[in-house]
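Visitor: Got a file for you: data_29.pdb, PDB, C-alpha atoms.
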ATOM      1  CA  MET A1228       0.000   0.000   0.000
ATOM      2  CA  SER A1229       1.298   3.449  -0.852
ATOM      3  CA  GLU A1230       3.036   5.499   1.814
ATOM      4  CA  GLN A1231       2.321   8.804   0.074
ATOM      5  CA  THR A1232       1.461  11.523   2.541
ATOM      6  CA  ARG A1233      -2.217  12.024   3.302
ATOM      7  CA  PRO A1234      -3.731  15.351   4.419
ATOM      8  CA  ARG A1235      -3.769  15.924   8.194
ATOM      9  CA  VAL A1236      -7.575  15.734   8.027
ATOM     10  CA  ASN A1237      -8.273  12.012   8.111
ATOM     11  CA  ARG A1238     -10.107   9.914   5.510
ATOM     12  CA  TYR A1239     -11.811   6.575   5.625
ATOM     13  CA  ALA A1240      -9.146   3.880   5.937
ATOM     14  CA  ARG A1241      -8.748   1.512   2.992
ATOM     15  CA  ALA A1242      -9.810  -2.064   3.587
ATOM     16  CA  ALA A1243      -7.586  -3.773   1.023
ATOM     17  CA  GLY A1244      -4.418  -5.454   2.201
ATOM     18  CA  LEU A1245      -5.195  -5.330   5.907
ATOM     19  CA  ALA A1246      -6.018  -8.993   6.512
ATOM     20  CA  ALA A1247      -2.476  -9.822   7.606
ATOM     21  CA  VAL A1248      -2.384  -7.145  10.272
ATOM     22  CA  ILE A1249      -5.847  -6.648  11.747
ATOM     23  CA  THR A1250      -7.229  -8.956  14.367
ATOM     24  CA  SER A1251     -10.713  -9.124  12.875
ATOM     25  CA  LEU A1252     -12.342  -8.703   9.482
ATOM     26  CA  ALA A1253     -14.471  -5.778  10.605
ATOM     27  CA  ALA A1254     -14.124  -2.537   8.657
ATOM     28  CA  VAL A1255     -11.592  -0.106  10.061
ATOM     29  CA  PRO A1256     -13.419   2.775  11.766
ATOM     30  CA  ALA A1257     -12.937   6.147  10.099
ATOM     31  CA  ALA A1258     -11.172   8.892  11.971
ATOM     32  CA  ALA A1259     -13.392  11.825  12.823
ATOM     33  CA  ASP A1260     -13.247  14.604  10.236
ATOM     34  CA  THR A1261     -12.439  17.322  12.786
ATOM     35  CA  PRO A1262      -9.234  18.951  14.018
ATOM     36  CA  ASP A1263     -10.416  18.389  17.600
ATOM     37  CA  VAL A1264      -9.828  14.634  17.307
ATOM     38  CA  ILE A1265      -6.328  13.176  17.130
ATOM     39  CA  ARG A1266      -5.973   9.488  16.319
ATOM     40  CA  ILE A1267      -3.148   7.959  18.359
ATOM     41  CA  ALA A1268      -1.484   4.615  17.590
ATOM     42  CA  ILE A1269       0.260   2.946  20.538
ATOM     43  CA  ALA A1270       3.044   0.639  19.330
ATOM     44  CA  HIS A1271       3.278  -2.236  21.834
ATOM     45  CA  LEU A1272       6.634  -3.555  20.540
ATOM     46  CA  SER A1273       9.225  -6.165  21.488
ATOM     47  CA  PRO A1274      12.640  -4.643  20.648
ATOM     48  CA  THR A1275      15.829  -6.727  20.775
ATOM     49  CA  PRO A1276      18.625  -5.216  22.902
ATOM     50  CA  GLY A1277      21.350  -3.794  20.669
ATOM     51  CA  ALA A1278      19.604  -4.703  17.391
ATOM     52  CA  PHE A1279      19.135  -1.162  16.113
ATOM     53  CA  ALA A1280      18.489  -2.137  12.480
ATOM     54  CA  SER A1281      15.804  -4.752  13.150
ATOM     55  CA  ASN A1282      14.162  -2.624  15.852
ATOM     56  CA  THR A1283      14.044   0.277  13.406
ATOM     57  CA  ALA A1284      12.416  -1.980  10.807
ATOM     58  CA  ASP A1285       9.748  -2.946  13.360
ATOM     59  CA  ILE A1286       9.073   0.702  14.196
ATOM     60  CA  LYS A1287       8.793   1.583  10.506
ATOM     61  CA  GLN A1288       6.281  -1.225  10.038
ATOM     62  CA  ALA A1289       4.268   0.037  13.018
ATOM     63  CA  ILE A1290       4.185   3.509  11.449
ATOM     64  CA  ARG A1291       2.960   2.075   8.137
ATOM     65  CA  VAL A1292       0.181   0.095   9.829
ATOM     66  CA  ALA A1293      -0.753   3.145  11.903
ATOM     67  CA  HIS A1294      -0.941   5.204   8.698
ATOM     68  CA  ARG A1295      -3.289   2.649   7.116
ATOM     69  CA  HIS A1296      -5.579   3.216  10.082
ATOM     70  CA  ASP A1297      -5.430   7.003   9.704
ATOM     71  CA  ALA A1298      -3.361   7.563  12.861
ATOM     72  CA  GLN A1299      -1.793  11.001  13.211
ATOM     73  CA  TRP A1300       0.451  10.210  16.201
ATOM     74  CA  VAL A1301       2.479   7.026  16.700
ATOM     75  CA  LEU A1302       3.788   6.357  20.198
ATOM     76  CA  THR A1303       6.697   3.938  20.823
ATOM     77  CA  GLY A1304       8.150   2.492  24.020
ATOM     78  CA  GLU A1305      11.211   3.411  26.075
ATOM     79  CA  LEU A1306      14.407   2.907  24.032
ATOM     80  CA  ALA A1307      12.345   1.245  21.286
ATOM     81  CA  GLU A1308      15.090   1.976  18.772
ATOM     82  CA  SER A1309      17.872   0.299  20.793
ATOM     83  CA  GLY A1310      16.063  -2.128  23.097
ATOM     84  CA  TYR A1311      16.006  -1.392  26.833
ATOM     85  CA  GLU A1312      19.037  -3.514  27.727
ATOM     86  CA  PHE A1313      21.158  -2.379  24.770
ATOM     87  CA  ALA A1314      24.058  -1.166  26.950
ATOM     88  CA  GLY A1315      24.983  -4.793  27.632
ATOM     89  CA  LYS A1316      25.561  -5.251  23.890
ATOM     90  CA  VAL A1317      26.684  -1.831  22.634
ATOM     91  CA  SER A1318      28.665   0.772  24.589
ATOM     92  CA  PRO A1319      26.510   3.925  24.806
ATOM     93  CA  SER A1320      29.634   6.082  24.404
ATOM     94  CA  SER A1321      30.233   4.455  20.996
ATOM     95  CA  LEU A1322      26.819   5.403  19.605
ATOM     96  CA  PRO A1323      26.698   7.691  16.558
ATOM     97  CA  ARG A1324      26.094  11.344  17.297
ATOM     98  CA  TYR A1325      22.509  12.537  17.378
ATOM     99  CA  PRO A1326      20.603  12.367  15.067
ATOM    100  CA  ASP A1327      21.660   8.789  14.417
ATOM    101  CA  PRO A1328      21.144   6.862  11.134
ATOM    102  CA  TRP A1329      18.206   4.872  12.506
ATOM    103  CA  LEU A1330      16.344   8.013  13.555
ATOM    104  CA  ARG A1331      16.839   9.343  10.027
ATOM    105  CA  ARG A1332      15.245   6.207   8.564
ATOM    106  CA  ILE A1333      12.248   6.540  10.861
ATOM    107  CA  ALA A1334      11.993  10.248  10.026
ATOM    108  CA  ALA A1335      11.820   9.343   6.329
ATOM    109  CA  VAL A1336       8.773   7.108   6.952
ATOM    110  CA  SER A1337       7.231   9.816   9.123
ATOM    111  CA  ARG A1338       7.630  12.249   6.235
ATOM    112  CA  ARG A1339       6.153   9.890   3.621
ATOM    113  CA  THR A1340       3.165   8.992   5.781
ATOM    114  CA  GLY A1341       2.563  12.456   7.221
ATOM    115  CA  THR A1342       2.587  11.112  10.792
ATOM    116  CA  THR A1343       4.050  12.350  14.049
ATOM    117  CA  VAL A1344       6.230   9.699  15.696
ATOM    118  CA  PHE A1345       7.246   9.761  19.354
ATOM    119  CA  LEU A1346      10.434   7.705  19.225
ATOM    120  CA  GLY A1347      12.175   6.257  22.287
ATOM    121  CA  LEU A1348      15.949   6.142  21.768
ATOM    122  CA  PRO A1349      19.365   6.799  23.330
ATOM    123  CA  THR A1350      20.890  10.083  22.183
ATOM    124  CA  ARG A1351      24.535  11.183  22.209
ATOM    125  CA  THR A1352      25.543  14.802  21.726
ATOM    126  CA  GLY A1353      29.275  15.102  22.321
ATOM    127  CA  GLN A1354      29.786  13.314  25.626
ATOM    128  CA  THR A1355      26.233  13.891  26.819
ATOM    129  CA  LEU A1356      23.926  10.873  26.662
ATOM    130  CA  HIS A1357      20.204  10.754  27.363
ATOM    131  CA  ASN A1358      17.463   8.152  27.575
ATOM    132  CA  ALA A1359      15.157  10.225  25.419
ATOM    133  CA  VAL A1360      12.034  10.548  23.300
ATOM    134  CA  VAL A1361      11.942  12.759  20.222
ATOM    135  CA  ALA A1362       8.805  13.909  18.432
ATOM    136  CA  ILE A1363       9.249  13.619  14.665
ATOM    137  CA  ASP A1364       6.532  15.561  12.842
ATOM    138  CA  GLU A1365       6.343  14.693   9.133
ATOM    139  CA  GLY A1366      10.067  13.970   9.049
ATOM    140  CA  GLN A1367      11.292  16.827  11.245
ATOM    141  CA  VAL A1368      12.273  16.609  14.931
ATOM    142  CA  VAL A1369      10.090  19.221  16.619
ATOM    143  CA  ALA A1370      10.432  18.375  20.332
ATOM    144  CA  GLN A1371      12.213  16.055  22.742
ATOM    145  CA  HIS A1372      12.199  14.901  26.337
ATOM    146  CA  ALA A1373      15.032  13.244  28.250
ATOM    147  CA  LYS A1374      14.187  10.917  31.123
ATOM    148  CA  VAL A1375      14.254  12.680  34.483
ATOM    149  CA  ASN A1376      14.066   9.674  36.837
ATOM    150  CA  VAL A1377      17.114   7.799  35.522
ATOM    151  CA  LEU A1378      17.473   4.478  37.332
ATOM    152  CA  SER A1379      20.687   3.200  38.864
ATOM    153  CA  GLY A1380      22.239   0.109  37.305
ATOM    154  CA  PRO A1381      23.829  -0.793  33.980
ATOM    155  CA  ASN A1382      20.668  -0.438  31.888
ATOM    156  CA  GLU A1383      20.410   3.316  32.530
ATOM    157  CA  ASN A1384      23.406   4.654  34.460
ATOM    158  CA  TRP A1385      24.962   5.838  31.190
ATOM    159  CA  ALA A1386      22.230   8.480  30.827
ATOM    160  CA  GLN A1387      22.111  11.979  32.288
ATOM    161  CA  PRO A1388      18.774  13.236  33.649
ATOM    162  CA  GLY A1389      16.650  15.613  31.639
ATOM    163  CA  THR A1390      14.365  18.510  32.589
ATOM    164  CA  ASP A1391      10.665  19.141  33.129
ATOM    165  CA  ALA A1392       9.944  21.027  29.889
ATOM    166  CA  VAL A1393       6.672  20.195  28.130
ATOM    167  CA  MET A1394       6.465  19.308  24.441
ATOM    168  CA  HIS A1395       4.492  21.380  21.938
ATOM    169  CA  VAL A1396       3.294  19.240  19.023
ATOM    170  CA  ASP A1397       0.445  19.957  16.570
ATOM    171  CA  GLY A1398      -0.728  22.801  18.784
ATOM    172  CA  VAL A1399      -0.984  20.483  21.801
ATOM    173  CA  THR A1400       0.919  20.945  25.078
ATOM    174  CA  ILE A1401       2.170  17.506  26.135
ATOM    175  CA  GLY A1402       3.549  16.351  29.457
ATOM    176  CA  TYR A1403       5.926  13.518  28.574
ATOM    177  CA  TYR A1404       7.162  10.712  30.821
ATOM    178  CA  VAL A1405       9.815   8.124  30.117
ATOM    179  CA  CYS A1406       8.852   5.117  32.251
ATOM    180  CA  ALA A1407       9.773   5.867  35.917
ATOM    181  CA  ASP A1408       9.174   9.589  35.340
ATOM    182  CA  ALA A1409       5.543   8.757  36.159
ATOM    183  CA  ALA A1410       6.584   8.279  39.805
ATOM    184  CA  ASN A1411       7.879  11.869  39.980
ATOM    185  CA  ARG A1412       5.094  13.982  41.506
ATOM    186  CA  ALA A1413       7.094  17.202  41.136
ATOM    187  CA  LEU A1414       7.336  16.549  37.395
ATOM    188  CA  THR A1415       3.579  16.054  37.174
ATOM    189  CA  ARG A1416       2.918  19.276  39.095
ATOM    190  CA  SER A1417       5.269  21.119  36.729
ATOM    191  CA  TYR A1418       3.393  19.778  33.713
ATOM    192  CA  GLN A1419       0.129  20.989  35.225
ATOM    193  CA  ARG A1420       1.558  24.468  35.811
ATOM    194  CA  GLN A1421       2.741  24.542  32.189
ATOM    195  CA  GLY A1422      -0.758  23.783  30.920
ATOM    196  CA  ALA A1423      -0.363  20.191  29.714
ATOM    197  CA  GLN A1424      -3.438  18.944  27.851
ATOM    198  CA  ILE A1425      -2.471  15.279  27.643
ATOM    199  CA  LEU A1426       0.159  13.027  29.241
ATOM    200  CA  LEU A1427       2.132  10.575  27.090
ATOM    201  CA  SER A1428       4.634   7.938  28.161
ATOM    202  CA  SER A1429       7.201   5.629  26.623
ATOM    203  CA  ALA A1430       7.937   2.776  29.019
ATOM    204  CA  ALA A1431       9.853  -0.422  29.596
ATOM    205  CA  TRP A1432       8.087  -1.263  32.843
ATOM    206  CA  TYR A1433       7.406  -4.902  33.634
ATOM    207  CA  PRO A1434       4.736  -6.091  36.099
ATOM    208  CA  SER A1435       5.787  -6.256  39.739
ATOM    209  CA  ARG A1436       3.881  -6.781  42.980
ATOM    210  CA  THR A1437       5.912  -4.094  44.729
ATOM    211  CA  MET A1438       6.854  -1.554  42.020
ATOM    212  CA  GLY A1439       4.576  -2.218  39.061
ATOM    213  CA  PRO A1440       3.475   0.740  36.932
ATOM    214  CA  LEU A1441      -0.315   0.618  37.231
ATOM    215  CA  PRO A1442      -0.625   2.370  40.631
ATOM    216  CA  PHE A1443       1.584   5.217  39.408
ATOM    217  CA  TRP A1444      -0.306   5.629  36.148
ATOM    218  CA  ARG A1445      -3.654   5.625  37.948
ATOM    219  CA  SER A1446      -2.390   8.129  40.495
ATOM    220  CA  VAL A1447      -1.160  10.540  37.809
ATOM    221  CA  THR A1448      -4.567  10.588  36.122
ATOM    222  CA  ARG A1449      -6.468  10.983  39.382
ATOM    223  CA  ARG A1450      -4.332  13.950  40.406
ATOM    224  CA  THR A1451      -4.395  15.702  37.040
ATOM    225  CA  GLY A1452      -7.680  14.710  35.398
ATOM    226  CA  LEU A1453      -5.703  14.324  32.156
ATOM    227  CA  PRO A1454      -5.618  11.233  29.929
ATOM    228  CA  PHE A1455      -2.411   9.217  30.239
ATOM    229  CA  VAL A1456      -1.398   7.292  27.104
ATOM    230  CA  VAL A1457       1.462   4.810  27.432
ATOM    231  CA  ALA A1458       3.392   2.643  24.986
ATOM    232  CA  ASN A1459       5.092  -0.084  26.986
ATOM    233  CA  THR A1460       7.438  -2.909  25.992
ATOM    234  CA  THR A1461       6.436  -6.542  25.507
ATOM    235  CA  GLY A1462       8.199  -9.856  24.812
ATOM    236  CA  MET A1463      11.403 -11.272  26.263
ATOM    237  CA  LYS A1464      14.373 -10.502  24.028
ATOM    238  CA  GLY A1465      16.855  -9.824  26.850
ATOM    239  CA  SER A1466      16.958 -10.906  30.489
ATOM    240  CA  ILE A1467      13.842  -8.946  31.516
ATOM    241  CA  ASP A1468      10.446 -10.529  30.981
ATOM    242  CA  PHE A1469       8.076  -7.899  29.584
ATOM    243  CA  ARG A1470       5.526 -10.414  28.276
ATOM    244  CA  ASN A1471       2.710  -9.341  30.609
ATOM    245  CA  SER A1472       3.449  -5.621  30.518
ATOM    246  CA  ALA A1473       0.549  -3.267  29.793
ATOM    247  CA  SER A1474       0.199  -0.505  27.235
ATOM    248  CA  GLY A1475      -2.924   1.597  26.952
ATOM    249  CA  VAL A1476      -4.857   4.621  28.156
ATOM    250  CA  PHE A1477      -5.774   5.646  31.699
ATOM    251  CA  VAL A1478      -8.375   8.269  32.589
ATOM    252  CA  ASN A1479      -9.348   9.319  36.129
ATOM    253  CA  GLY A1480      -7.587   6.315  37.614
ATOM    254  CA  VAL A1481      -9.231   3.770  35.294
ATOM    255  CA  ALA A1482      -7.696   1.802  32.422
ATOM    256  CA  VAL A1483     -10.082   2.620  29.570
ATOM    257  CA  VAL A1484      -7.869   0.784  27.059
ATOM    258  CA  LYS A1485      -5.312  -1.863  28.034
ATOM    259  CA  GLU A1486      -3.204  -4.278  25.973
ATOM    260  CA  ARG A1487      -1.108  -7.076  27.518
ATOM    261  CA  ALA A1488      -0.290  -9.169  24.440
ATOM    262  CA  SER A1489       3.067 -10.937  24.600
ATOM    263  CA  ARG A1490       3.565 -10.253  20.876
ATOM    264  CA  PRO A1491       3.688  -6.878  19.090
ATOM    265  CA  ARG A1492       0.385  -5.073  18.674
ATOM    266  CA  LEU A1493      -0.814  -1.655  17.561
ATOM    267  CA  VAL A1494      -3.512  -0.135  19.756
ATOM    268  CA  VAL A1495      -5.421   2.719  18.114
ATOM    269  CA  VAL A1496      -7.528   5.297  19.967
ATOM    270  CA  ASP A1497      -9.195   8.612  19.176
ATOM    271  CA  TRP A1498      -8.595  11.516  21.547
ATOM    272  CA  ASP A1499     -11.159  14.311  21.422
ATOM    273  CA  ARG A1500      -9.256  17.160  23.000
ATOM    274  CA  GLN A1501     -12.292  19.430  23.274
ATOM    275  CA  GLN A1502     -14.570  16.844  24.860
ATOM    276  CA  ARG A1503     -11.575  15.364  26.730
ATOM    277  CA  ARG A1504     -12.602  11.846  25.768
ATOM    278  CA  ILE A1505     -10.714   8.769  24.608
ATOM    279  CA  LYS A1506     -12.431   6.272  22.315
ATOM    280  CA  ALA A1507     -10.981   2.870  21.432
ATOM    281  CA  VAL A1508     -10.690   2.186  17.698
ATOM    282  CA  GLY A1509      -9.047  -1.251  17.518
ATOM    283  CA  THR A1510      -6.058  -3.474  18.160
ATOM    284  CA  TYR A1511      -4.025  -4.778  15.208
ATOM    285  CA  ARG A1512      -1.275  -7.325  14.729
ATOM    286  CA  LEU A1513       2.239  -6.253  13.849
ATOM    287  CA  ASP A1514       3.665  -9.716  13.199
ATOM    288  CA  SER A1515       2.502 -13.045  11.821
ATOM    289  CA  ASP A1516       1.505 -14.836  15.050
TER
END
When written as structure tokens, how does the structure in this file appear?
Guide:
Amino acid sequence: MSEQTRPRVNRYARAAGLAAVITSLAAVPAAADTPDVIRIAIAHLSPTPGAFASNTADIKQAIRVAHRHDAQWVLTGELAESGYEFAGKVSPSSLPRYPDPWLRRIAAVSRRTGTTVFLGLPTRTGQTLHNAVVAIDEGQVVAQHAKVNVLSGPNENWAQPGTDAVMHVDGVTIGYYVCADAANRALTRSYQRQGAQILLSSAAWYPSRTMGPLPFWRSVTRRTGLPFVVANTTGMKGSIDFRNSASGVFVNGVAVVKERASRPRLVVVDWDRQQRRIKAVGTYRLDSD
């Protein structure tokens, strides 16, 4: 199917060629023909640590499938480009300077499809490294956030903490969290003061009885009244088992959309920013399982 850029106002999605990726044979719902509604695709991916090329190919495929379903924003997980445990395979200090070649490839697909991609990746500028997310709008990096709550240990101790600045994308003020940032109440208060309209998160947060993510995500939405949309990691490609990790949308402390598949999926929702509502559209396969 063509990746030629569509107008930012959505059309009815085409039905042809979708049988391999959608979970049912029902027609794909059309995105609302209004600028107040943004269709968001949550890429619930299973990146391999250190496999930048194959992870990038998976992200590109997720963008293409999201485009077929008229998504305007595509959200990926924490370090989706590199895999969360990449530092055990590739020295962070040896990474190419930002913007790296893999980001450029993803930006090219963003440009062809006319989508905005929130890409989780490690960045290196000189000797400064961050566990970051960049917003790529139709091929151009327009905003970024570096993780504030950097964890101790080899998976993250290479990264320097970021700041509490909001993102401004498509006229929307976004409070962004990378995984454990959601536990930082001061960060959430700062986002509220800065007028955040929605909260997005890229995560690699596995289930845990003592420090699982769900209580933090629910708490953030109860305290702010804002929708919280999270792309988490799934699968088990390294030593951490993400197979029961949740991606989805939380509103007022309730999971209104939740995906726990152990294989890659694309979860699509419509966010009406005027009515402040989230509506589920569908869940679609990203592999051949």
Visitor: Evaluate the PyMOL selection byres ((chain A and resi 1344-1360) around 6) here and jot the selected residues down as a PyMOL selection string.
Guide: chain A and resi 1300-1308+1324-1325+1343+1361-1363+1371-1374+1386-1387
Visitor: Residues at most 8 Å from segment 1289-1293 of chain A, counting only C-alpha atoms, excluding those fewer than 5 positions away in the same chain, as a list of chain:residue names?
Guide: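 The filter keeps A:Glu1230, A:Val1248, A:Ala1268, A:Ala1270, A:Ala1298, A:Val1301, A:Val1336, A:Ser1337, A:Thr1340, A:Thr1342, A:Val1344, A:Leu1493, A:Val1495, A:Leu1513.
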Visitor: If we count all atoms listed in the file, what is near Thr1275 of chain A at a cut-off of 9 Å, once residues fewer than 4 positions away on the same chain are taken out, given as a list in words?
Guide: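 The filter keeps Phe1279, Ser1281, Asn1282, Ala1307, Glu1308, Ser1309, Gly1310, Tyr1311, Glu1312, Phe1313, Met1463, Lys1464 and Gly1465 of chain A.
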Visitor: Might you spell out which residues the PyMOL selection byres ((chain A and resi 1506-1509) around 8) would select in the displayed file, as an NGL selection string?
Guide: :A and (1255-1256 or 1484 or 1494-1498 or 1504-1505 or 1510-1511)
Visitor: With only C-alpha atoms as the atoms that count, which of A:Pro1323, A:Gly1402, A:Gly1475, A:Gly1480 lies nearest to Arg1450 of chain A?
Guide: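 For Arg1450 of chain A, the nearest of the given residues is A:Gly1480.
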Visitor: Rank A:Arg1266, A:Arg1470, A:Arg1445, A:His1271 by their smallest atom-to-atom distance to Asp1514 of chain A, using all atoms listed in the file, and report the top residue only.
Guide: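 When distances to Asp1514 of chain A are compared using all atoms listed in the file, the smallest one comes from A:His1271.
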Visitor: Would you compute the distance between atom CA of Thr1461 of chain A and atom CA of Leu1272 of chain A? Give it in Å to one decimal.
Guide: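 Rounded to one decimal, the two atoms are 5.8 Å apart.
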Visitor: Tell me, in Å to one decimal, how far atom CA of Val1396 of chain A is from atom CA of Pro1326 of chain A.
Guide: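 Result for atom CA of Val1396 of chain A versus atom CA of Pro1326 of chain A: 19.0 Å, one decimal.
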Visitor: Counting all atoms listed in the file, figure out which residue out of A:Gly1315, A:Pro1262, A:Pro1434, A:Pro1276 gets nearest to Asp1397 of chain A.
Guide: A:Pro1262
Visitor: From the list A:Ala1280, A:His1294, A:Asn1411, A:Ala1314, which residue is nearest Pro1328 of chain A when using only C-alpha atoms?
Guide: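 Counting only C-alpha atoms, the residue closest to Pro1328 of chain A is A:Ala1280.
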Visitor: Assuming the chain letters and numbering stay as they are in my file, what does the PyMOL selection byres ((chain A and resi 1375) around 8) actually select? List them as a PyMOL selection string.
Guide: chain A and resi 1373-1374+1376-1377+1388-1391+1405+1408
